[in-house]
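Enquirer: Just so it is clear, I am handing over data_39.cif, which has mmCIF, N, CA and C atoms.
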data_my_file
loop_
_atom_site.group_PDB
_atom_site.id
_atom_site.type_symbol
_atom_site.label_atom_id
_atom_site.label_comp_id
_atom_site.auth_asym_id
_atom_site.auth_seq_id
_atom_site.Cartn_x
_atom_site.Cartn_y
_atom_site.Cartn_z
ATOM 1 N N MET A 1 -3.856 7.265 -5.028
ATOM 2 C CA MET A 1 -4.288 5.962 -4.574
ATOM 3 C C MET A 1 -4.496 6.005 -3.072
ATOM 4 N N CYS A 2 -5.648 5.628 -2.633
ATOM 5 C CA CYS A 2 -5.955 5.588 -1.210
ATOM 6 C C CYS A 2 -5.836 4.148 -0.722
ATOM 7 N N LEU A 3 -4.909 3.912 0.186
ATOM 8 C CA LEU A 3 -4.700 2.557 0.694
ATOM 9 C C LEU A 3 -5.613 2.231 1.865
ATOM 10 N N VAL A 4 -5.834 3.208 2.725
ATOM 11 C CA VAL A 4 -6.756 3.041 3.852
ATOM 12 C C VAL A 4 -7.464 4.365 4.085
ATOM 13 N N ARG A 5 -8.636 4.286 4.618
ATOM 14 C CA ARG A 5 -9.377 5.493 4.969
ATOM 15 C C ARG A 5 -9.181 5.742 6.468
ATOM 16 N N LEU A 6 -8.791 6.969 6.798
ATOM 17 C CA LEU A 6 -8.553 7.322 8.194
ATOM 18 C C LEU A 6 -9.777 8.036 8.755
ATOM 19 N N ARG A 7 -10.214 7.602 9.905
ATOM 20 C CA ARG A 7 -11.313 8.266 10.595
ATOM 21 C C ARG A 7 -10.781 8.777 11.924
ATOM 22 N N GLY A 8 -10.722 10.081 12.061
ATOM 23 C CA GLY A 8 -10.186 10.644 13.291
ATOM 24 C C GLY A 8 -8.732 10.252 13.445
ATOM 25 N N GLY A 9 -8.043 10.842 14.338
ATOM 26 C CA GLY A 9 -6.648 10.490 14.572
ATOM 27 C C GLY A 9 -5.846 10.484 13.288
ATOM 28 N N GLY A 10 -4.888 9.633 13.214
ATOM 29 C CA GLY A 10 -4.045 9.552 12.042
ATOM 30 C C GLY A 10 -2.972 8.519 12.253
ATOM 31 N N ILE A 11 -1.899 8.690 11.533
ATOM 32 C CA ILE A 11 -0.777 7.769 11.665
ATOM 33 C C ILE A 11 0.469 8.545 12.034
ATOM 34 N N ASP A 12 1.411 7.859 12.652
ATOM 35 C CA ASP A 12 2.713 8.432 12.956
ATOM 36 C C ASP A 12 3.754 7.331 12.798
ATOM 37 N N GLU A 13 4.979 7.604 13.168
ATOM 38 C CA GLU A 13 6.057 6.628 12.956
ATOM 39 C C GLU A 13 5.876 5.331 13.733
ATOM 40 N N SER A 14 5.084 5.349 14.787
ATOM 41 C CA SER A 14 4.880 4.124 15.570
ATOM 42 C C SER A 14 3.724 3.273 15.044
ATOM 43 N N THR A 15 2.992 3.786 14.074
ATOM 44 C CA THR A 15 1.851 3.051 13.529
ATOM 45 C C THR A 15 2.323 1.768 12.854
ATOM 46 N N SER A 16 1.640 0.660 13.178
ATOM 47 C CA SER A 16 1.987 -0.654 12.627
ATOM 48 C C SER A 16 0.701 -1.467 12.475
ATOM 49 N N PRO A 17 0.796 -2.618 11.838
ATOM 50 C CA PRO A 17 -0.399 -3.466 11.725
ATOM 51 C C PRO A 17 -0.976 -3.865 13.086
ATOM 52 N N GLU A 18 -0.135 -3.924 14.098
ATOM 53 C CA GLU A 18 -0.596 -4.329 15.431
ATOM 54 C C GLU A 18 -1.457 -3.270 16.113
ATOM 55 N N ASN A 19 -1.296 -1.993 15.738
ATOM 56 C CA ASN A 19 -2.052 -0.950 16.433
ATOM 57 C C ASN A 19 -2.913 -0.102 15.500
ATOM 58 N N PHE A 20 -3.066 -0.539 14.249
ATOM 59 C CA PHE A 20 -3.872 0.211 13.298
ATOM 60 C C PHE A 20 -4.793 -0.762 12.578
ATOM 61 N N GLY A 21 -6.043 -0.821 13.017
ATOM 62 C CA GLY A 21 -7.017 -1.788 12.533
ATOM 63 C C GLY A 21 -7.131 -1.971 11.033
ATOM 64 N N PRO A 22 -7.203 -0.888 10.243
ATOM 65 C CA PRO A 22 -7.383 -1.075 8.798
ATOM 66 C C PRO A 22 -6.166 -1.665 8.071
ATOM 67 N N TRP A 23 -5.026 -1.812 8.733
ATOM 68 C CA TRP A 23 -3.803 -2.300 8.088
ATOM 69 C C TRP A 23 -3.774 -3.813 8.167
ATOM 70 N N ASP A 24 -4.116 -4.470 7.069
ATOM 71 C CA ASP A 24 -4.086 -5.927 7.019
ATOM 72 C C ASP A 24 -3.087 -6.378 5.958
ATOM 73 N N SER A 25 -3.023 -7.673 5.682
ATOM 74 C CA SER A 25 -2.017 -8.179 4.743
ATOM 75 C C SER A 25 -2.216 -7.635 3.332
ATOM 76 N N LEU A 26 -3.450 -7.441 2.916
ATOM 77 C CA LEU A 26 -3.705 -6.870 1.593
ATOM 78 C C LEU A 26 -3.245 -5.413 1.538
ATOM 79 N N SER A 27 -3.490 -4.677 2.604
ATOM 80 C CA SER A 27 -3.007 -3.296 2.685
ATOM 81 C C SER A 27 -1.486 -3.254 2.650
ATOM 82 N N ASP A 28 -0.863 -4.236 3.291
ATOM 83 C CA ASP A 28 0.594 -4.325 3.330
ATOM 84 C C ASP A 28 1.155 -4.470 1.913
ATOM 85 N N VAL A 29 0.590 -5.384 1.140
ATOM 86 C CA VAL A 29 1.043 -5.596 -0.236
ATOM 87 C C VAL A 29 0.786 -4.345 -1.079
ATOM 88 N N SER A 30 -0.387 -3.754 -0.928
ATOM 89 C CA SER A 30 -0.726 -2.542 -1.680
ATOM 90 C C SER A 30 0.227 -1.401 -1.349
ATOM 91 N N LEU A 31 0.562 -1.263 -0.075
ATOM 92 C CA LEU A 31 1.480 -0.213 0.355
ATOM 93 C C LEU A 31 2.858 -0.409 -0.261
ATOM 94 N N VAL A 32 3.363 -1.624 -0.219
ATOM 95 C CA VAL A 32 4.688 -1.916 -0.786
ATOM 96 C C VAL A 32 4.707 -1.614 -2.282
ATOM 97 N N LEU A 33 3.693 -2.058 -2.997
ATOM 98 C CA LEU A 33 3.631 -1.802 -4.442
ATOM 99 C C LEU A 33 3.556 -0.313 -4.740
ATOM 100 N N ALA A 34 2.767 0.418 -3.960
ATOM 101 C CA ALA A 34 2.647 1.862 -4.154
ATOM 102 C C ALA A 34 3.979 2.567 -3.873
ATOM 103 N N LEU A 35 4.673 2.146 -2.824
ATOM 104 C CA LEU A 35 5.971 2.750 -2.500
ATOM 105 C C LEU A 35 7.002 2.450 -3.581
ATOM 106 N N GLU A 36 6.999 1.225 -4.092
ATOM 107 C CA GLU A 36 7.944 0.875 -5.154
ATOM 108 C C GLU A 36 7.691 1.720 -6.395
ATOM 109 N N ARG A 37 6.432 1.914 -6.737
ATOM 110 C CA ARG A 37 6.100 2.757 -7.904
ATOM 111 C C ARG A 37 6.457 4.216 -7.661
ATOM 112 N N LYS A 38 6.072 4.734 -6.509
ATOM 113 C CA LYS A 38 6.278 6.154 -6.196
ATOM 114 C C LYS A 38 7.758 6.529 -6.181
ATOM 115 N N PHE A 39 8.581 5.690 -5.558
ATOM 116 C CA PHE A 39 9.992 6.022 -5.381
ATOM 117 C C PHE A 39 10.909 5.315 -6.371
ATOM 118 N N GLY A 40 10.364 4.477 -7.244
ATOM 119 C CA GLY A 40 11.190 3.758 -8.222
ATOM 120 C C GLY A 40 12.151 2.783 -7.567
ATOM 121 N N LEU A 41 11.702 2.142 -6.499
ATOM 122 C CA LEU A 41 12.545 1.223 -5.729
ATOM 123 C C LEU A 41 12.037 -0.200 -5.860
ATOM 124 N N ARG A 42 12.895 -1.149 -5.495
ATOM 125 C CA ARG A 42 12.522 -2.546 -5.334
ATOM 126 C C ARG A 42 13.016 -2.962 -3.958
ATOM 127 N N PHE A 43 12.152 -3.557 -3.176
ATOM 128 C CA PHE A 43 12.518 -3.974 -1.825
ATOM 129 C C PHE A 43 12.884 -5.457 -1.803
ATOM 130 N N SER A 44 13.952 -5.781 -1.083
ATOM 131 C CA SER A 44 14.343 -7.182 -0.905
ATOM 132 C C SER A 44 13.439 -7.811 0.160
ATOM 133 N N LEU A 45 13.481 -9.139 0.247
ATOM 134 C CA LEU A 45 12.692 -9.819 1.273
ATOM 135 C C LEU A 45 13.108 -9.395 2.669
ATOM 136 N N GLY A 46 14.414 -9.208 2.866
ATOM 137 C CA GLY A 46 14.897 -8.755 4.176
ATOM 138 C C GLY A 46 14.380 -7.374 4.533
ATOM 139 N N GLU A 47 14.366 -6.482 3.550
ATOM 140 C CA GLU A 47 13.839 -5.135 3.784
ATOM 141 C C GLU A 47 12.350 -5.192 4.089
ATOM 142 N N LEU A 48 11.618 -5.991 3.328
ATOM 143 C CA LEU A 48 10.179 -6.122 3.573
ATOM 144 C C LEU A 48 9.916 -6.651 4.975
ATOM 145 N N ASP A 49 10.718 -7.603 5.407
ATOM 146 C CA ASP A 49 10.547 -8.169 6.742
ATOM 147 C C ASP A 49 10.814 -7.140 7.835
ATOM 148 N N SER A 50 11.703 -6.178 7.566
ATOM 149 C CA SER A 50 12.040 -5.172 8.578
ATOM 150 C C SER A 50 11.049 -4.012 8.606
ATOM 151 N N MET A 51 10.185 -3.923 7.615
ATOM 152 C CA MET A 51 9.254 -2.791 7.507
ATOM 153 C C MET A 51 7.988 -3.068 8.316
ATOM 154 N N ARG A 52 8.126 -3.001 9.640
ATOM 155 C CA ARG A 52 7.038 -3.381 10.540
ATOM 156 C C ARG A 52 6.275 -2.203 11.133
ATOM 157 N N SER A 53 6.662 -0.986 10.779
ATOM 158 C CA SER A 53 5.950 0.209 11.227
ATOM 159 C C SER A 53 6.222 1.318 10.216
ATOM 160 N N ILE A 54 5.472 2.387 10.316
ATOM 161 C CA ILE A 54 5.677 3.525 9.415
ATOM 162 C C ILE A 54 7.095 4.060 9.570
ATOM 163 N N GLY A 55 7.586 4.147 10.799
ATOM 164 C CA GLY A 55 8.951 4.629 11.032
ATOM 165 C C GLY A 55 9.997 3.743 10.371
ATOM 166 N N MET A 56 9.811 2.433 10.464
ATOM 167 C CA MET A 56 10.760 1.509 9.836
ATOM 168 C C MET A 56 10.681 1.591 8.310
ATOM 169 N N ILE A 57 9.479 1.793 7.785
ATOM 170 C CA ILE A 57 9.319 1.964 6.342
ATOM 171 C C ILE A 57 10.078 3.204 5.879
ATOM 172 N N ILE A 58 9.930 4.293 6.617
ATOM 173 C CA ILE A 58 10.640 5.535 6.292
ATOM 174 C C ILE A 58 12.143 5.308 6.311
ATOM 175 N N ASP A 59 12.631 4.604 7.332
ATOM 176 C CA ASP A 59 14.070 4.334 7.436
ATOM 177 C C ASP A 59 14.587 3.538 6.241
ATOM 178 N N VAL A 60 13.854 2.510 5.823
ATOM 179 C CA VAL A 60 14.283 1.691 4.687
ATOM 180 C C VAL A 60 14.299 2.534 3.419
ATOM 181 N N ILE A 61 13.277 3.347 3.207
ATOM 182 C CA ILE A 61 13.239 4.196 2.006
ATOM 183 C C ILE A 61 14.395 5.184 2.019
ATOM 184 N N LYS A 62 14.652 5.835 3.152
ATOM 185 C CA LYS A 62 15.767 6.781 3.252
ATOM 186 C C LYS A 62 17.092 6.086 2.913
ATOM 187 N N MET A 63 17.290 4.888 3.476
ATOM 188 C CA MET A 63 18.520 4.147 3.243
ATOM 189 C C MET A 63 18.680 3.836 1.754
ATOM 190 N N LYS A 64 17.605 3.387 1.115
ATOM 191 C CA LYS A 64 17.686 3.034 -0.293
ATOM 192 C C LYS A 64 17.888 4.262 -1.173
ATOM 193 N N MET A 65 17.339 5.386 -0.787
ATOM 194 C CA MET A 65 17.478 6.614 -1.573
ATOM 195 C C MET A 65 18.905 7.155 -1.488
ATOM 196 N N GLU A 66 19.614 6.840 -0.410
ATOM 197 C CA GLU A 66 20.992 7.309 -0.235
ATOM 198 C C GLU A 66 22.001 6.420 -0.955
ATOM 199 N N MET A 67 21.597 5.242 -1.413
ATOM 200 C CA MET A 67 22.505 4.296 -2.062
ATOM 201 C C MET A 67 22.941 4.794 -3.421
#
Let's see the structure in the file written out as structure tokens.
Expert:
Amino acid sequence: MCLVRLRGGGIDESTSPENFGPWDSLSDVSLVLALERKFGLRFSLGELDSMRSIGMIIDVIKMKMEM
């Protein structure tokens, strides 16, 4: 599943909706659903609210995988 198409450059842990043009609210929902399917997780509203960058998303997934 391709959520966004990257042209040049790429993404890193600091990438967020504020600095990555193709990341909009629909992409946000698609990303969350894809992550939940891929990792077999369910995110709480608090976790979703904290997932404001790729780095924060990684941190939340790591935390949930260690539970």
Enquirer: I need the residue set behind the PyMOL selection byres (((chain A and resi 44-60 and name CA) around 8) and name CA) for this file; please write it as a PyMOL selection string.
Expert: chain A and resi 12-17+42-43+61-64
Enquirer: Just give me the gap between CA of Leu33 (chain A) and atom N of Glu18 (chain A) in Å, one decimal is fine.
Expert: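 Those two atoms sit 19.0 Å apart.
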Enquirer: Go ahead and compute the interatomic distance for CA of Ser30 (chain A) and CA of Glu66 (chain A), in Å to one decimal.
Expert: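 Separation of CA of Ser30 (chain A) and CA of Glu66 (chain A): 23.9 Å.
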Enquirer: To one decimal place, how far is atom N of Trp23 (chain A) from CA of Leu35 (chain A) in Å?
Expert: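 Atom-to-atom, atom N of Trp23 (chain A) to CA of Leu35 (chain A), that is 16.4 Å.
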